[in-house]
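**Q** Before I ask anything, let me first share the structure, which is written out below as C-alpha cells.
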Amino acid sequence: MTNKKFILGVFEDEEVLLHAIENIRCAGTKIYEVFSPFPVHGIDDVLGIKRSRLPIAAFLYGCGGLAFALWMQIYMMGFDWPMIIGGKPHIALPSFIPVSFELTVFCTAHGMVITFLIVCGLYPRMKVPVLDVRSTDDKFVMAIEVKDGVTDINKVNDLLRSNGAIEVNQKEVEE
Amino acid sequence: MQHVSPIREPLVTGGKTYHDITEDVSRQVEAKPNIRWAIALAVALFFLGIFIYSVYRTLWYGIGEWGLNKTVGWAWDITNFVWWVGIGHAGTLISAILLLFRQKWRSSINRAAEAMTIFAVICAAMFPVLHMGRPWLAYWVLPLPNTFGSLWVNFNSPLLWDVFAISTYFTVSLVFWYLGLVPDFATIRDRATGPIARRAYALLSLGWKGSAKHWSRYETVSLILAGVSTPLVLSVHTIVSMDFATAVIPGWHTTIFPPYFVAGAIFSGFAMVLTLMIITRDVFRLKDYITLEHIESMNKVIILTGSIVGVAYITEFFIAWYSGVEYEQYAFINRATGPYWWAYWSMMTCNVITPQLFWIRKIRRSIVATFIITIFVNIGMWFERFVIIVTSLHRDYLPSSWVMFSPSKIDVGIYVGTLGLFFTLFLLFAKYFPVINMFEVKTILKSSSGVPHSLEPEKSMHATTPVTHHNKHHD
C-alpha cells in the first residue's frame, strides 16, 4: 500500500479546461489524468492521447466471427452430415449469409466491448477511488501527481489558478 | 461559451446547467417512489400475473390450450412475436443510426428507447420459445449435435436464421445500452447517500471514473457499436420477414417483405417510443429534455415510415394482380373482402390514414393528438401482422381445409400478459435507472440549449485571455 498524492485543479468550463491543459503541458508539468462528466471534444489532441487501437481489434474479431461461421456451416452441412434439403446443394452459400453476418456482428461487438472493459480496468467493484466526486456531476478535474522532493506544490497551484481553475485541492489516495 | 443557433430549435429548454441535468435526472432515482408509479406498477404486475398463469396452462396442458388448428398453425403467437420485435427496432435505430447521422435530438430519448428495445425483445422471444411447446428443449435450435447422433440444425431455414439474428440483436443491444448506462451509474453512485444505493450503483458502474482516456476509448467503442448495429437492425427484421417470404403460401411469397417489414418495424417502434415518452416526460417532469421538438422529429419519422408501409400495401395488391397468379389474386381479394375484412380495414385505417395526419404541423406538434395517433399506429401494426399471418393461412390452396381462427382465452392472456411483462420491466427501469442519458445531454447542452449557460461569455473570455498570452510566450 503506497499512498499517492495529487493536486486537483477544478474547472467549471470545458473550453477553459482545454486551454489550461495546453498551457500546463507547455509549462512542462505532467498531467496525471483529467476527469470529466462527459467526453470533451478535442481533449485527446491537447492531452496527447493516442488514437485507440480498438477498431483494429474489432475488425479482427469480426474476421474471426465470419471465419468461424463459414467454417461451422460448411463443415456441418457439407461434410459432417450432408443432407439434401429442398434440392439445394450441400454447401449452399447464399443460405449461409444471414448466419455468417450475425456471427460477424456478434463477435465484433462482444469482443470489442470485452477488450474495452479489460483495457480500461472496468469490472464490478465496491470501492472506487474517485478523486473528486463532482467530476461525475458538473466539474472538470485535472489531477497532477505530487512526487516528494520533485514537485513544487506552490508552482503547480499557481499554474492551475492562473489557467482558470476555480479551486485547487490536494488529495491522497491509497493505491 | 454558449452558441445560440438562429434557426434550430433548442433541444434542452429551461436554461439548464450541467448540475441541473444531474439533479433533474437523478431525482427520480433517489426519491421515494411516487404513488402514480406504484399504481402503474401494480396494474402491470396484475397483467404479469395473467402472463404467468397463461404460460403455466400452456406448458402444463400443451399448445392445445391455444386456438390454433390444422390450417392456421401460426396465429397470435407469431403475430405478437413480429409485433414485439418490430417495436424493439426504434430503440436501436435511435441509438445507432441516428448516432451515425449525428442527430443530436437522439440524446435525451435514446436511453429509454434502448430500454424499450431490450424489453420488447424479451417479450418477443417468449412467443417462439412457448410455441415450441417444450421450451426446456429450446437448446435444440442451437447448432449442437442432437441426442440421436451428429445430426445438425438446418442452416437453410429462415427459422434458424431467426435464432441467430434475435440472439445477436438482443445481446448486442443489451451491451450497447449497458455501456451507455455505466457513466450515469457512476454519477448516481457518487451522489448516493444510502449504503445500499451506494453499493448497488458501485457494482453497476464497474468503477467508472470518467478519465479522459476512458472517454476517448468509450467514444470509439460506441461509434463502432453503432456501425455494426445499424446493419444488424435492418438484418433482424429482414430475416423475420423471410420466415414468411421463403414460404410458398399465397400472400407470403413476396419479395418486398424485407424492406417493408423493416419500415413497419421502425414505424411501430417510434409509435411506442412516443407513447412511452409522452407519459414519462409528464410523470417524471422531464419536459425540458423531451421537448416538442423531439416529439415533432419522431413524428416526421412516423410520416416517412408510415408512407413506406402504405406504399408497400398497395404494391402487394398491384403485384398480386399484375403477376396473374390466381391464388395470389384471391389471397388479396380475400383479405380485403373476405371474413377477415375488419382486420384488413383496421390495418389500412390505422397505418395508412392516421400517420398522414402528421403532415399538418399543428397535429404534429400536439401532445394529445400524437399520443392518440401513436396508439392507433400500434394497434394498426398488430393488425398488419395478424392480416399477413392469419388471412394468408386460413385459406390456402386446398379449399377443403379452409377454416376460421379464433383465439382462446390463453392466447389473449399471453398477449396482454406480455404487455404486463413489458410495462413491469419498463417501470422498474424508469424508477431505478436514469431514464435520460445525462452525459450525452451534457455534451449537447452548450450547442443546443438556446439560453445562455450559467457561465457568462465575459467570464470565460477573461479566463482564456491569459492562456493565449501564455501560449505565445512559450512558443
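Ligands are numbered from 1 in the order shown, residues from 1 within each chain, and chains are lettered A, B, ... in the order they appear in the C-alpha cells.
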Which chain B residues are at most 7 Å from chain A (counting only C-alpha atoms), as a tab-separated table (two decimals) with N, CA, C and O atoms, in the first residue's frame?
**A**
```tsv
chain	number	residue	atom	x	y	z
B	18	TYR	N	-25.09	22.12	-16.22
B	18	TYR	CA	-24.72	20.70	-16.11
B	18	TYR	C	-25.28	20.09	-14.83
B	18	TYR	O	-25.76	18.97	-14.81
B	19	HIS	N	-25.17	20.86	-13.76
B	19	HIS	CA	-25.62	20.33	-12.48
B	19	HIS	C	-27.14	20.11	-12.48
B	19	HIS	O	-27.63	19.12	-11.93
B	22	THR	N	-27.99	16.76	-13.92
B	22	THR	CA	-27.76	15.68	-12.95
B	22	THR	C	-28.91	15.63	-11.95
B	22	THR	O	-29.45	14.57	-11.66
B	151	LEU	N	-26.52	-35.27	-35.94
B	151	LEU	CA	-27.37	-34.52	-36.88
B	151	LEU	C	-27.34	-33.05	-36.45
B	151	LEU	O	-27.47	-32.75	-35.28
B	152	TRP	N	-27.19	-32.17	-37.44
B	152	TRP	CA	-27.09	-30.75	-37.10
B	152	TRP	C	-28.37	-30.02	-37.44
B	152	TRP	O	-29.22	-30.53	-38.15
B	155	PHE	N	-29.16	-25.11	-41.64
B	155	PHE	CA	-28.78	-23.71	-41.90
B	155	PHE	C	-29.46	-23.12	-43.12
B	155	PHE	O	-29.22	-21.97	-43.47
B	156	ASN	N	-30.30	-23.91	-43.82
B	156	ASN	CA	-31.05	-23.33	-44.94
B	156	ASN	C	-32.38	-22.74	-44.47
B	156	ASN	O	-33.12	-22.20	-45.28
B	161	TRP	N	-32.17	-18.93	-38.92
B	161	TRP	CA	-31.53	-17.60	-39.04
B	161	TRP	C	-32.07	-16.67	-37.96
B	161	TRP	O	-31.33	-15.88	-37.39
B	164	PHE	N	-30.28	-16.95	-34.66
B	164	PHE	CA	-29.02	-16.20	-34.62
B	164	PHE	C	-29.29	-14.70	-34.62
B	164	PHE	O	-28.65	-13.95	-33.89
B	165	ALA	N	-30.24	-14.27	-35.45
B	165	ALA	CA	-30.49	-12.83	-35.56
B	165	ALA	C	-31.01	-12.27	-34.25
B	165	ALA	O	-30.50	-11.26	-33.75
B	168	THR	N	-28.34	-12.40	-31.41
B	168	THR	CA	-27.30	-11.38	-31.61
B	168	THR	C	-27.87	-10.00	-31.32
B	168	THR	O	-27.27	-9.19	-30.61
B	172	VAL	N	-26.38	-7.74	-28.33
B	172	VAL	CA	-25.66	-6.53	-28.73
B	172	VAL	C	-26.39	-5.28	-28.23
B	172	VAL	O	-25.77	-4.35	-27.71
B	186	ALA	N	-22.24	5.87	-12.50
B	186	ALA	CA	-21.17	6.43	-11.69
B	186	ALA	C	-21.62	7.74	-11.07
B	186	ALA	O	-21.34	8.02	-9.90
B	187	THR	N	-22.34	8.56	-11.84
B	187	THR	CA	-22.86	9.82	-11.31
B	187	THR	C	-23.77	9.57	-10.12
B	187	THR	O	-23.66	10.22	-9.08
B	190	ASP	N	-21.87	8.41	-7.03
B	190	ASP	CA	-21.16	9.47	-6.30
B	190	ASP	C	-22.10	10.40	-5.56
B	190	ASP	O	-21.66	11.18	-4.72
B	199	ARG	N	-23.69	0.92	-2.74
B	199	ARG	CA	-23.09	-0.36	-3.15
B	199	ARG	C	-23.65	-0.84	-4.47
B	199	ARG	O	-22.91	-1.30	-5.34
B	202	ALA	N	-22.33	1.22	-7.19
B	202	ALA	CA	-20.88	1.00	-7.33
B	202	ALA	C	-20.64	-0.26	-8.16
B	202	ALA	O	-19.78	-0.28	-9.04
B	203	LEU	N	-21.43	-1.30	-7.88
B	203	LEU	CA	-21.27	-2.54	-8.65
B	203	LEU	C	-21.66	-2.30	-10.10
B	203	LEU	O	-20.97	-2.72	-11.04
B	204	LEU	N	-22.80	-1.61	-10.30
B	204	LEU	CA	-23.30	-1.41	-11.66
B	204	LEU	C	-22.38	-0.53	-12.49
B	204	LEU	O	-22.28	-0.69	-13.70
B	206	LEU	N	-19.21	-0.33	-12.54
B	206	LEU	CA	-17.95	-1.00	-12.91
B	206	LEU	C	-16.70	-0.18	-12.58
B	206	LEU	O	-15.67	-0.34	-13.21
B	207	GLY	N	-16.83	0.72	-11.62
B	207	GLY	CA	-15.66	1.52	-11.26
B	207	GLY	C	-15.33	2.62	-12.24
B	207	GLY	O	-14.18	3.02	-12.38
B	208	TRP	N	-16.32	3.16	-12.91
B	208	TRP	CA	-16.11	4.23	-13.88
B	208	TRP	C	-15.68	5.52	-13.19
B	208	TRP	O	-16.28	5.91	-12.18
B	209	LYS	N	-14.60	6.15	-13.71
B	209	LYS	CA	-14.13	7.38	-13.10
B	209	LYS	C	-14.21	8.58	-14.05
B	209	LYS	O	-13.98	9.70	-13.64
B	210	GLY	N	-14.47	8.30	-15.31
B	210	GLY	CA	-14.60	9.40	-16.26
B	210	GLY	C	-13.29	10.03	-16.65
B	210	GLY	O	-13.22	11.23	-16.90
B	211	SER	N	-12.20	9.24	-16.70
B	211	SER	CA	-10.94	9.84	-17.11
B	211	SER	C	-10.93	10.03	-18.62
B	211	SER	O	-11.67	9.36	-19.35
B	212	ALA	N	-10.11	10.99	-19.05
B	212	ALA	CA	-10.11	11.38	-20.46
B	212	ALA	C	-9.83	10.19	-21.37
B	212	ALA	O	-10.42	10.04	-22.43
B	213	LYS	N	-8.91	9.33	-20.93
B	213	LYS	CA	-8.55	8.19	-21.76
B	213	LYS	C	-9.72	7.22	-21.90
B	213	LYS	O	-9.99	6.70	-22.97
B	214	HIS	N	-10.43	7.01	-20.78
B	214	HIS	CA	-11.58	6.13	-20.85
B	214	HIS	C	-12.66	6.69	-21.75
B	214	HIS	O	-13.28	5.97	-22.52
B	215	TRP	N	-12.88	8.01	-21.65
B	215	TRP	CA	-13.89	8.63	-22.51
B	215	TRP	C	-13.52	8.47	-23.98
B	215	TRP	O	-14.37	8.21	-24.82
B	216	SER	N	-12.22	8.64	-24.24
B	216	SER	CA	-11.78	8.56	-25.63
B	216	SER	C	-12.06	7.16	-26.20
B	216	SER	O	-12.61	7.00	-27.27
B	217	ARG	N	-11.70	6.14	-25.41
B	217	ARG	CA	-11.97	4.77	-25.85
B	217	ARG	C	-13.46	4.50	-25.91
B	217	ARG	O	-13.95	3.81	-26.80
B	225	LEU	N	-19.86	0.25	-32.24
B	225	LEU	CA	-21.09	-0.49	-31.92
B	225	LEU	C	-22.25	0.03	-32.76
B	225	LEU	O	-23.05	-0.75	-33.27
B	228	VAL	N	-21.87	-1.33	-36.30
B	228	VAL	CA	-22.28	-2.72	-36.55
B	228	VAL	C	-23.75	-2.96	-36.21
B	228	VAL	O	-24.36	-3.87	-36.76
B	439	PHE	N	-24.98	12.16	-19.48
B	439	PHE	CA	-23.72	12.69	-20.02
B	439	PHE	C	-23.87	13.11	-21.48
B	439	PHE	O	-23.25	14.06	-21.91
B	440	GLU	N	-24.75	12.44	-22.21
B	440	GLU	CA	-24.92	12.87	-23.61
B	440	GLU	C	-25.67	14.18	-23.71
B	440	GLU	O	-25.37	15.00	-24.57
B	442	LYS	N	-25.47	16.47	-21.52
B	442	LYS	CA	-24.49	17.49	-21.13
B	442	LYS	C	-23.61	17.87	-22.33
B	442	LYS	O	-23.23	19.03	-22.47
B	443	THR	N	-23.29	16.90	-23.17
B	443	THR	CA	-22.43	17.26	-24.31
B	443	THR	C	-23.13	18.15	-25.30
B	443	THR	O	-22.49	18.91	-26.00
B	460	SER	N	-15.73	33.61	-19.22
B	460	SER	CA	-14.88	32.60	-19.84
B	460	SER	C	-13.85	33.25	-20.76
B	460	SER	O	-12.73	32.80	-20.88
B	463	ALA	N	-11.09	34.30	-18.65
B	463	ALA	CA	-10.25	33.19	-18.21
B	463	ALA	C	-9.32	32.71	-19.31
B	463	ALA	O	-8.25	32.22	-19.06
B	464	THR	N	-9.78	32.86	-20.55
B	464	THR	CA	-8.94	32.32	-21.64
B	464	THR	C	-7.87	33.32	-22.08
B	464	THR	O	-6.89	32.92	-22.67
B	467	VAL	N	-4.38	32.73	-21.09
B	467	VAL	CA	-3.94	31.46	-21.63
B	467	VAL	C	-3.27	31.65	-22.98
B	467	VAL	O	-2.15	31.18	-23.21
B	470	HIS	N	0.00	33.26	-22.59
B	470	HIS	CA	0.93	32.30	-22.05
B	470	HIS	C	1.49	31.40	-23.15
B	470	HIS	O	2.67	31.16	-23.25
B	471	ASN	N	0.57	30.97	-23.97
B	471	ASN	CA	0.91	30.09	-25.08
B	471	ASN	C	1.98	30.70	-25.98
B	471	ASN	O	2.99	30.09	-26.27
B	474	HIS	N	5.39	30.80	-24.61
B	474	HIS	CA	6.13	29.55	-24.61
B	474	HIS	C	6.55	29.10	-25.99
B	474	HIS	O	7.56	28.42	-26.13
```
**Q** Show which residues sit within 8 Å of B:Asp184, as a list in words. Count only C-alpha atoms, and ignore same-chain residues fewer than 4 positions away.
**A** Gly180, Ile188, Ser205, Pro434, Asn437, Met438 and Phe439 of chain B
**Q** Using atom CA of B:Leu144 and atom CA of A:Phe79 as the two end points, give the distance in Å to one decimal.
**A**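 Answer for the atom CA of B:Leu144 to atom CA of A:Phe79 separation: 15.3 Å.
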**Q** Please indicate the distance in Å from atom CA of A:Lys4 to atom CA of A:Glu145, rounded to one decimal place.
**A**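 Here the two named atoms are 7.4 Å from each other.
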**Q** Which residue out of B:Ser157, B:Asn110, B:Ser406, B:Thr58 has the minimum interatomic distance to B:Ala245 when only C-alpha atoms are used?
**A**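 Once distances to B:Ala245 are computed over only C-alpha atoms, the minimum belongs to B:Ser157.
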